[in-house]
>>> print(open('my_file26.cif').read())   # mmCIF, C-alpha atoms
data_query
#
loop_
_atom_site.label_atom_id
_atom_site.label_comp_id
_atom_site.auth_asym_id
_atom_site.auth_seq_id
_atom_site.Cartn_x
_atom_site.Cartn_y
_atom_site.Cartn_z
CA MET S 11 5.69 7.62 28.22
CA ASP S 12 8.83 9.48 29.32
CA ARG S 13 8.94 13.25 29.43
CA THR S 14 11.35 13.52 26.48
CA MET S 15 9.08 11.64 24.08
CA LYS S 16 6.06 13.63 25.26
CA ARG S 17 7.83 16.82 24.33
CA LEU S 18 8.85 15.43 20.96
CA ILE S 19 5.22 14.67 20.20
CA LEU S 20 4.16 18.15 21.22
CA LEU S 21 6.98 19.71 19.21
CA ALA S 22 5.95 17.75 16.14
CA LEU S 23 2.46 19.22 16.43
CA MET S 24 3.73 22.81 16.17
CA THR S 25 5.58 25.05 13.72
CA PHE S 26 6.76 28.59 14.23
CA ASN S 27 4.51 29.73 11.38
CA CYS S 28 1.39 28.44 13.11
CA THR S 29 -1.51 30.81 12.43
CA LEU S 30 -4.19 29.33 14.67
CA VAL S 31 -6.03 32.24 16.26
CA SER S 32 -9.25 31.79 18.16
CA ALA S 33 -11.79 34.56 18.55
CA ASP S 34 -12.57 33.72 22.16
CA THR S 35 -10.76 35.04 25.21
CA LEU S 36 -7.72 33.23 26.54
CA THR S 37 -8.43 31.46 29.82
CA LEU S 38 -5.56 31.41 32.29
CA LYS S 39 -4.99 28.29 34.34
CA ALA S 40 -5.79 28.52 38.03
CA GLY S 41 -2.66 29.07 40.09
CA HIS S 42 -0.56 30.15 37.09
CA PRO S 43 2.77 31.87 37.87
CA GLU S 44 3.44 35.53 37.13
CA SER S 45 6.79 34.77 35.50
CA TYR S 46 8.71 31.84 34.08
CA VAL S 47 12.38 31.08 33.35
CA VAL S 48 12.90 29.14 30.11
CA LYS S 49 14.61 25.78 30.62
CA LYS S 50 16.54 23.64 28.17
CA GLY S 51 14.13 21.32 26.34
CA ASP S 52 11.12 23.63 26.76
CA THR S 53 8.71 24.16 23.88
CA LEU S 54 6.26 26.96 23.26
CA TRP S 55 3.54 24.41 24.03
CA ASP S 56 5.14 23.46 27.38
CA ILE S 57 5.47 27.07 28.47
CA SER S 58 1.96 27.99 27.34
CA ALA S 59 0.54 24.99 29.20
CA THR S 60 1.96 26.51 32.39
CA PHE S 61 -0.32 29.51 31.92
CA LEU S 62 -3.29 28.39 29.77
CA ASN S 63 -6.05 25.82 30.04
CA ASP S 64 -5.82 25.40 26.25
CA PRO S 65 -2.10 25.42 25.31
CA TRP S 66 -2.91 25.05 21.59
CA LYS S 67 -3.78 28.77 21.69
CA TRP S 68 -0.10 29.60 22.27
CA PRO S 69 0.15 32.00 19.26
CA ARG S 70 -2.24 34.40 21.01
CA LEU S 71 -0.39 34.22 24.32
CA TRP S 72 2.82 35.18 22.49
CA ASP S 73 0.91 37.69 20.34
CA VAL S 74 2.48 36.30 17.17
CA ASN S 75 2.99 39.14 14.70
CA PRO S 76 4.00 38.18 11.13
CA GLN S 77 5.55 41.62 10.62
CA ILE S 78 8.20 40.94 13.26
CA ALA S 79 10.96 38.47 12.47
CA ASN S 80 10.88 35.61 14.98
CA PRO S 81 8.81 37.52 17.60
CA HIS S 82 8.86 34.54 19.94
CA LEU S 83 12.48 33.45 19.56
CA ILE S 84 13.49 32.63 23.12
CA TYR S 85 16.37 30.84 24.79
CA PRO S 86 17.06 28.82 27.95
CA GLY S 87 17.63 31.25 30.78
CA ASP S 88 15.30 33.93 29.43
CA GLN S 89 12.79 35.23 31.95
CA LEU S 90 9.22 35.63 30.72
CA THR S 91 6.64 37.79 32.47
CA LEU S 92 2.86 37.61 32.17
CA VAL S 93 1.37 41.03 31.38
CA PHE S 94 -2.01 42.22 30.13
CA ILE S 95 -2.36 44.17 26.90
CA ASP S 96 -5.84 45.52 26.12
CA GLY S 97 -7.17 43.17 28.77
CA GLN S 98 -5.60 40.08 27.19
CA PRO S 99 -2.76 38.03 28.76
CA ARG S 100 0.58 38.13 26.94
CA LEU S 101 4.02 36.72 27.66
CA VAL S 102 6.94 39.12 27.19
CA ARG S 103 10.65 38.58 27.55
CA ASN S 104 12.44 40.61 30.20
CA GLY S 105 15.68 42.46 29.52
CA ALA S 106 15.13 44.96 26.77
CA ASN S 107 13.59 47.58 29.04
CA GLU S 108 15.11 46.85 32.43
CA GLY S 109 13.55 48.95 35.17
CA LYS S 110 10.66 50.15 33.00
CA PRO S 111 7.02 49.11 33.46
CA HIS S 112 5.69 46.47 31.05
CA ILE S 113 3.66 48.79 28.84
CA ARG S 114 4.14 47.87 25.19
CA LYS S 115 2.06 47.02 22.16
CA THR S 116 3.87 43.86 21.18
CA PRO S 117 6.08 41.49 23.19
CA GLU S 118 9.85 41.73 22.94
CA GLY S 119 11.61 39.18 20.78
CA ARG S 120 15.13 38.48 19.63
CA VAL S 121 15.74 38.66 15.91
CA ILE S 122 19.31 37.35 15.75
CA ALA S 123 19.29 33.57 15.50
CA LYS S 124 21.30 31.58 18.04
CA SER S 125 22.00 27.89 18.05
CA ASN S 126 20.28 27.25 21.39
CA ALA S 127 16.92 28.90 20.65
CA VAL S 128 13.72 26.96 21.27
CA PRO S 129 13.49 25.34 17.83
CA ALA S 130 10.87 24.34 15.33
CA VAL S 131 11.16 20.56 15.11
CA ASP S 132 10.33 18.34 12.16
CA LEU S 133 8.73 14.92 12.30
CA ALA S 134 12.04 13.09 11.91
CA LEU S 135 12.16 12.80 15.70
CA ILE S 136 9.04 10.63 15.76
CA GLN S 137 9.46 9.07 12.33
CA ASN S 138 9.78 5.59 13.81
CA TYR S 139 6.26 5.87 15.24
CA LEU S 140 4.71 6.71 11.88
CA VAL S 141 4.20 4.55 8.82
CA GLN S 142 4.53 5.13 5.09
CA ASN S 143 1.71 2.79 4.10
CA ARG S 144 -0.78 3.85 1.45
CA VAL S 145 -4.43 3.20 0.67
CA VAL S 146 -4.78 2.71 -3.08
CA ASP S 147 -7.24 1.43 -5.66
CA ALA S 148 -7.07 -2.37 -5.63
CA ASP S 149 -7.21 -2.78 -9.42
CA TRP S 150 -4.51 -0.16 -9.93
CA PHE S 151 -2.25 -1.82 -7.36
CA ALA S 152 -2.58 -5.22 -9.08
CA GLN S 153 -1.25 -3.69 -12.32
CA GLN S 154 1.96 -2.23 -10.84
CA PRO S 155 5.44 -3.73 -11.46
CA MET S 156 6.11 -6.85 -9.42
CA VAL S 157 9.12 -8.16 -7.52
CA PHE S 158 10.10 -11.44 -9.23
CA ALA S 159 13.19 -12.57 -7.33
CA GLY S 160 16.65 -11.38 -6.31
CA GLU S 161 20.32 -12.04 -6.85
CA SER S 162 20.38 -13.78 -3.49
CA PRO S 163 18.84 -17.27 -3.46
CA SER S 164 16.93 -16.31 -0.31
CA ARG S 165 13.19 -15.70 -0.59
CA HIS S 166 13.54 -12.79 1.85
CA HIS S 167 15.45 -9.69 0.74
CA VAL S 168 16.89 -6.96 2.98
CA VAL S 169 19.11 -3.86 2.82
CA GLY S 170 21.94 -4.23 0.31
CA ASP S 171 20.24 -6.99 -1.70
CA VAL S 172 19.50 -6.57 -5.40
CA ILE S 173 16.02 -7.59 -6.53
CA TYR S 174 14.46 -8.04 -9.98
CA ILE S 175 11.37 -6.08 -11.08
CA ASP S 176 9.33 -7.19 -14.12
CA SER S 177 9.33 -3.79 -15.83
CA GLU S 178 11.64 -1.40 -17.65
CA LEU S 179 12.12 1.29 -15.04
CA PRO S 180 13.98 4.62 -15.33
CA LEU S 181 17.59 4.40 -14.18
CA ASN S 182 18.11 5.81 -10.65
CA GLN S 183 14.37 5.97 -9.97
CA LYS S 184 13.51 5.62 -6.27
CA LEU S 185 10.93 2.96 -5.49
CA GLY S 186 8.98 1.60 -2.57
CA MET S 187 8.25 -2.11 -2.40
CA TYR S 188 4.75 -2.69 -1.03
CA GLU S 189 2.97 -5.75 0.28
CA ARG S 190 -0.74 -6.17 -0.39
CA GLY S 191 -2.73 -5.60 2.79
CA ARG S 192 -6.36 -5.41 3.82
CA ASP S 193 -9.30 -4.29 1.70
CA PHE S 194 -11.20 -1.46 3.35
CA PHE S 195 -14.94 -0.81 3.06
CA ASN S 196 -17.35 1.71 4.50
CA LYS S 197 -19.39 -0.32 6.99
CA GLN S 198 -22.54 1.74 6.50
CA THR S 199 -22.60 1.92 2.69
CA GLY S 200 -20.37 -0.95 1.63
CA GLU S 201 -18.37 1.42 -0.57
CA ALA S 202 -14.80 0.29 -1.31
CA LEU S 203 -12.39 2.71 0.33
CA GLY S 204 -9.23 1.17 -1.11
CA GLN S 205 -6.61 -1.45 -0.44
CA GLU S 206 -3.89 -1.20 2.16
CA ALA S 207 -0.40 -1.14 0.63
CA ILE S 208 2.22 -1.88 3.32
CA LEU S 209 5.68 -0.43 2.73
CA ALA S 210 8.33 -3.13 3.10
CA SER S 211 11.43 -1.41 1.72
CA THR S 212 12.79 1.38 -0.44
CA GLY S 213 15.31 1.06 -3.23
CA GLN S 214 16.81 2.57 -6.36
CA VAL S 215 16.97 1.30 -9.94
CA ILE S 216 20.61 0.42 -10.72
CA GLU S 217 20.02 -1.30 -14.05
CA SER S 218 17.15 -0.74 -16.46
CA GLY S 219 15.85 -3.37 -18.85
CA LYS S 220 12.96 -5.68 -19.56
CA VAL S 221 13.69 -6.91 -16.05
CA SER S 222 15.16 -4.08 -13.99
CA LYS S 223 17.56 -4.38 -11.07
CA VAL S 224 16.77 -2.50 -7.87
CA LYS S 225 19.10 -2.22 -4.88
CA ILE S 226 17.33 -2.14 -1.53
CA LEU S 227 18.44 0.91 0.45
CA SER S 228 16.25 0.61 3.54
CA ASN S 229 13.73 -1.87 4.86
CA TYR S 230 10.91 -1.94 7.39
CA ARG S 231 10.31 -5.63 6.85
CA GLU S 232 11.66 -8.30 4.50
CA THR S 233 10.82 -7.94 0.80
CA LYS S 234 9.43 -10.98 -1.02
CA ALA S 235 8.49 -12.03 -4.53
CA GLY S 236 5.01 -10.77 -5.41
CA PHE S 237 5.39 -7.39 -3.71
CA ARG S 238 4.62 -4.37 -5.91
CA ALA S 239 7.07 -1.56 -6.76
CA LEU S 240 5.67 1.98 -6.65
CA PRO S 241 7.49 5.28 -7.31
CA MET S 242 8.42 7.20 -4.16
CA GLU S 243 6.95 10.47 -5.38
CA ASP S 244 6.94 13.70 -3.40
CA GLU S 245 3.20 13.59 -2.79
CA ALA S 246 3.58 10.11 -1.30
CA LEU S 247 6.06 11.34 1.30
CA MET S 248 5.14 12.78 4.63
CA SER S 249 5.17 16.50 5.25
CA ALA S 250 8.09 17.69 7.38
CA TYR S 251 5.92 19.99 9.50
CA PHE S 252 2.33 20.10 10.62
CA THR S 253 0.21 22.98 11.80
CA PRO S 254 -2.44 21.46 14.07
CA LYS S 255 -5.99 22.60 13.42
CA PRO S 256 -9.39 21.28 14.44
CA ALA S 257 -11.05 18.90 11.98
CA GLU S 258 -14.07 20.40 10.23
CA LEU S 259 -16.02 17.35 9.04
CA LYS S 260 -19.81 17.77 9.05
CA THR S 261 -20.32 14.07 9.77
CA PRO S 262 -18.14 12.02 12.16
CA ALA S 263 -15.38 9.79 10.84
CA THR S 264 -14.64 6.41 12.40
CA VAL S 265 -11.54 4.36 13.13
CA LEU S 266 -11.42 2.05 10.13
CA ALA S 267 -8.56 -0.21 11.24
CA ILE S 268 -5.51 -0.31 13.49
CA GLU S 269 -2.31 -0.33 11.47
CA SER S 270 -0.64 -2.93 13.70
CA LYS S 271 -3.75 -5.18 13.47
CA MET S 272 -4.01 -5.21 17.27
CA ARG S 273 -7.41 -5.28 18.97
CA GLU S 274 -6.78 -1.98 20.74
CA ALA S 275 -4.56 1.02 20.10
CA GLY S 276 -2.94 3.51 22.46
CA LYS S 277 -0.73 6.57 22.40
CA LEU S 278 1.72 6.66 19.44
CA ASN S 279 -0.18 3.92 17.60
CA VAL S 280 -1.30 4.56 14.02
CA VAL S 281 -4.86 3.97 12.81
CA TYR S 282 -6.78 4.32 9.55
CA LEU S 283 -9.75 6.68 9.24
CA ASP S 284 -12.67 6.10 6.88
CA LYS S 285 -12.48 9.66 5.48
CA GLY S 286 -10.02 11.22 3.02
CA THR S 287 -9.50 14.08 0.59
CA GLN S 288 -12.91 13.49 -0.99
CA ASP S 289 -14.40 14.28 2.42
CA GLY S 290 -12.22 17.34 3.00
CA VAL S 291 -9.72 15.79 5.43
CA GLU S 292 -6.27 17.41 5.41
CA PRO S 293 -2.90 16.59 7.02
CA GLY S 294 -2.54 18.28 10.39
CA GLU S 295 -6.21 18.01 11.35
CA VAL S 296 -6.89 16.90 14.90
CA PHE S 297 -9.87 14.75 15.89
CA SER S 298 -11.28 13.90 19.29
CA ILE S 299 -11.83 10.17 19.74
CA TYR S 300 -15.06 8.99 21.37
CA ARG S 301 -16.65 5.60 22.12
CA ASP S 302 -20.43 5.48 21.69
CA GLY S 303 -22.18 5.56 25.03
CA GLU S 304 -24.04 2.36 25.83
CA GLU S 305 -27.81 2.08 25.70
CA ILE S 306 -29.49 1.49 29.06
CA VAL S 307 -32.91 -0.21 29.11
CA ILE S 308 -35.46 0.40 31.88
CA ASN S 309 -37.02 -2.96 32.81
CA ASN S 310 -40.55 -3.62 34.06
CA ASP S 311 -39.44 -2.92 37.63
CA GLY S 312 -38.21 0.52 36.60
CA GLN S 313 -34.57 -0.49 37.06
CA PRO S 314 -31.80 0.36 34.54
CA VAL S 315 -30.27 -2.65 32.81
CA PRO S 316 -26.79 -2.19 31.22
CA ALA S 317 -26.13 -3.60 27.76
CA ALA S 318 -24.00 -6.46 29.09
CA GLU S 319 -26.87 -7.73 31.24
CA ARG S 320 -29.79 -7.30 28.84
CA THR S 321 -32.03 -10.24 28.06
CA ALA S 322 -33.75 -10.94 24.75
CA TYR S 323 -36.86 -9.34 26.21
CA ASP S 324 -34.89 -6.20 27.12
CA ASN S 325 -33.62 -6.00 23.54
CA VAL S 326 -37.17 -6.17 22.22
CA VAL S 327 -38.21 -3.41 24.63
CA ALA S 328 -35.28 -1.28 23.49
CA SER S 329 -36.27 -1.67 19.83
CA LEU S 330 -39.95 -0.86 20.41
CA SER S 331 -39.92 1.90 23.01
CA SER S 332 -37.63 4.92 22.92
CA ASP S 333 -38.86 5.85 26.41
CA ARG S 334 -37.46 2.62 27.82
CA ALA S 335 -34.08 2.78 26.03
CA ILE S 336 -31.80 5.65 26.99
CA LYS S 337 -28.42 6.23 25.37
CA MET S 338 -25.64 7.29 27.71
CA PRO S 339 -23.21 10.10 26.73
CA ASP S 340 -20.32 9.23 24.43
CA ILE S 341 -17.04 8.61 26.27
CA TYR S 342 -13.91 10.62 25.46
CA HIS S 343 -10.89 8.44 24.62
CA GLY S 344 -8.21 10.78 23.29
CA LYS S 345 -7.00 12.81 20.33
CA LEU S 346 -5.63 11.89 16.93
CA LEU S 347 -3.48 13.82 14.44
CA VAL S 348 -3.94 13.09 10.72
CA PHE S 349 -0.55 12.88 9.03
CA LYS S 350 -1.32 11.29 5.66
CA VAL S 351 -4.43 11.50 3.49
CA PHE S 352 -5.67 9.42 0.56
CA ASP S 353 -8.77 9.68 -1.63
CA LYS S 354 -11.19 7.91 0.71
CA ALA S 355 -9.11 7.13 3.81
CA SER S 356 -6.41 8.65 6.02
CA LEU S 357 -3.69 7.70 8.45
CA GLY S 358 -3.61 9.24 11.92
CA LEU S 359 -1.30 9.14 14.93
CA ILE S 360 -2.92 8.84 18.36
CA VAL S 361 -1.30 11.66 20.31
CA SER S 362 -3.12 11.37 23.64
CA THR S 363 -5.35 8.80 25.30
CA GLU S 364 -7.44 8.46 28.41
CA ARG S 365 -8.70 5.04 27.32
CA SER S 366 -7.74 2.52 24.66
CA VAL S 367 -8.94 3.10 21.09
CA ARG S 368 -10.77 0.47 19.01
CA VAL S 369 -12.07 0.01 15.48
CA ASP S 370 -15.39 1.85 14.96
CA ASP S 371 -14.61 4.50 17.58
CA LYS S 372 -16.04 7.87 16.55
CA LEU S 373 -13.86 10.79 15.40
CA ILE S 374 -15.29 14.29 15.67
CA ALA S 375 -14.11 17.90 15.60
CA PRO S 376 -12.53 18.74 18.96
CA ASP S 377 -13.76 21.51 21.24
CA SER S 378 -10.12 22.50 21.52
CA LEU S 379 -6.74 21.05 20.69
CA ALA S 380 -5.72 20.88 24.35
CA PHE S 381 -4.53 17.33 25.01
CA ARG S 382 -6.10 15.72 28.03
CA GLY S 383 -4.62 12.74 29.81
CA GLU S 384 -1.00 13.77 29.43
#
>>> encode(input="my_file26.cif", output="structure tokens")
Amino acid sequence: MDRTMKRLILLALMTFNCTLVSADTLTLKAGHPESYVVKKGDTLWDISATFLNDPWKWPRLWDVNPQIANPHLIYPGDQLTLVFIDGQPRLVRNGANEGKPHIRKTPEGRVIAKSNAVPAVDLALIQNYLVQNRVVDADWFAQQPMVFAGESPSRHHVVGDVIYIDSELPLNQKLGMYERGRDFFNKQTGEALGQEAILASTGQVIESGKVSKVKILSNYRETKAGFRALPMEDEALMSAYFTPKPAELKTPATVLAIESKMREAGKLNVVYLDKGTQDGVEPGEVFSIYRDGEEIVINNDGQPVPAAERTAYDNVVASLSSDRAIKMPDIYHGKLLVFKVFDKASLGLIVSTERSVRVDDKLIAPDSLAFRGE
């Protein structure tokens, strides 16, 4: 991934009103500089990563104070100096007290906005990597208004086409046309988690009647007869900003499916989780992704046998004797940011990887939000 896209991802994970504050002491990175000059394209995350092992703790490094307007508003060319306040590292901006020692209670910050300040960035910059699919109740989805046909004789409808919907819809209403996707189930309990609804296009009602006319305004794929039309309500749209925070699930989630239906997923791919609002999952939560460690069996000669080389006899031994079957540690694969949540499932963007991600990989609360493998 190029450096520009990496920064866009990191920017999308932050907002200036982030309130993450950890109780533990900040740990400075070995070999950190004593000062830093802000460059064009820098983010608070980038700068903090120069000094900290865990850059997600950037609000503490900048000593974010809600009583000061824009305390960390900085600009390319500004020089930042690392100081210690009450034994804790802080970054302050040089210039306000030239020639004076850095003894102050809060770091200096500009309060007059300028066009070139390090900005808060919304998710529009990575919108193309996200999806607006939904996970809905299958019976409910089957009862929604259906695309019958279109003014064009083609069976495939795109931007600018007018399609017919078998329902009297409010004039000017904005709609999403969705294709029926996969049915999702909890593999342990068999519980239905919902049906995948794949967004094909968006449109607006231009004529209301027993059969309404809808003009397609944008499309992600071609729209066909049989697709369902759902209102594009505010709660169905993605939040503009996310404040990253560690997930707090008591039991691990798992990767339910890969949105693209590929066998493996990597950085910037979208996956489904088997947990949702009913489980307490919220947009902005970050999960660490792990693959279960394999089970090694000790054979009669006292030698370890990996799973790929086990015989039927080894499998019997593993099932009967816990002393002969030893599970290896789980393997870290990356981190995932939840950006959309449904009743029993969620959508997440893989934001960092050290290894490929697969269905059934385990999702747990991270030790920190620091992204490894960048």
>>> closest_residue(input="my_file26.cif", among="S:Glu206, S:Asp176, S:Glu295, S:Glu274", to="S:Ala239", atoms="only C-alpha atoms")
S:Asp176
>>> residues_around(input="my_file26.cif", residues="stretch 354-360 of chain S", least_positions_apart="4", cutoff="6 Å", atoms="only C-alpha atoms", output="list of chain:residue names")
S:Leu203, S:Lys277, S:Leu278, S:Asn279, S:Val280, S:Val281, S:Tyr282, S:Leu283, S:Asp284, S:Lys285, S:Gly286, S:Leu346, S:Leu347, S:Val348, S:Phe349, S:Lys350
>>> atom_distance(input="my_file26.cif", atom1="atom CA of S:Val369", atom2="atom CA of S:Val265")
5.0 Å
>>> closest_residue(input="my_file26.cif", among="S:Arg100, S:Glu161, S:Gln153, S:Ile84", to="S:Thr37", atoms="all atoms listed in the file")
S:Arg100
>>> closest_residue(input="my_file26.cif", among="S:Val291, S:Ala275, S:Ile306, S:Met187", to="S:Thr363", atoms="all atoms listed in the file")
S:Ala275
>>> residues_near_point(input="my_file26.cif", point="(-32.3, 1.8, 26.0)", cutoff="12 Å", atoms="all atoms listed in the file", output="short mmCIF file (atom, residue, chain, number, x, y, z; two decimals) with C-alpha atoms, keeping the file's coordinate frame")
data_model
loop_
_atom_site.label_atom_id
_atom_site.label_comp_id
_atom_site.auth_asym_id
_atom_site.auth_seq_id
_atom_site.Cartn_x
_atom_site.Cartn_y
_atom_site.Cartn_z
CA GLY S 303 -22.18 5.56 25.03
CA GLU S 304 -24.04 2.36 25.83
CA GLU S 305 -27.81 2.08 25.70
CA ILE S 306 -29.49 1.49 29.06
CA VAL S 307 -32.91 -0.21 29.11
CA ILE S 308 -35.46 0.40 31.88
CA ASN S 309 -37.02 -2.96 32.81
CA GLN S 313 -34.57 -0.49 37.06
CA PRO S 314 -31.80 0.36 34.54
CA VAL S 315 -30.27 -2.65 32.81
CA PRO S 316 -26.79 -2.19 31.22
CA ALA S 317 -26.13 -3.60 27.76
CA ARG S 320 -29.79 -7.30 28.84
CA ASP S 324 -34.89 -6.20 27.12
CA ASN S 325 -33.62 -6.00 23.54
CA VAL S 326 -37.17 -6.17 22.22
CA VAL S 327 -38.21 -3.41 24.63
CA ALA S 328 -35.28 -1.28 23.49
CA SER S 329 -36.27 -1.67 19.83
CA LEU S 330 -39.95 -0.86 20.41
CA SER S 331 -39.92 1.90 23.01
CA SER S 332 -37.63 4.92 22.92
CA ASP S 333 -38.86 5.85 26.41
CA ARG S 334 -37.46 2.62 27.82
CA ALA S 335 -34.08 2.78 26.03
CA ILE S 336 -31.80 5.65 26.99
CA LYS S 337 -28.42 6.23 25.37
CA MET S 338 -25.64 7.29 27.71
#
>>> closest_residue(input="my_file26.cif", among="S:Ser228, S:Ser270, S:Gln214, S:Thr60", to="S:Val169", atoms="only C-alpha atoms")
S:Ser228
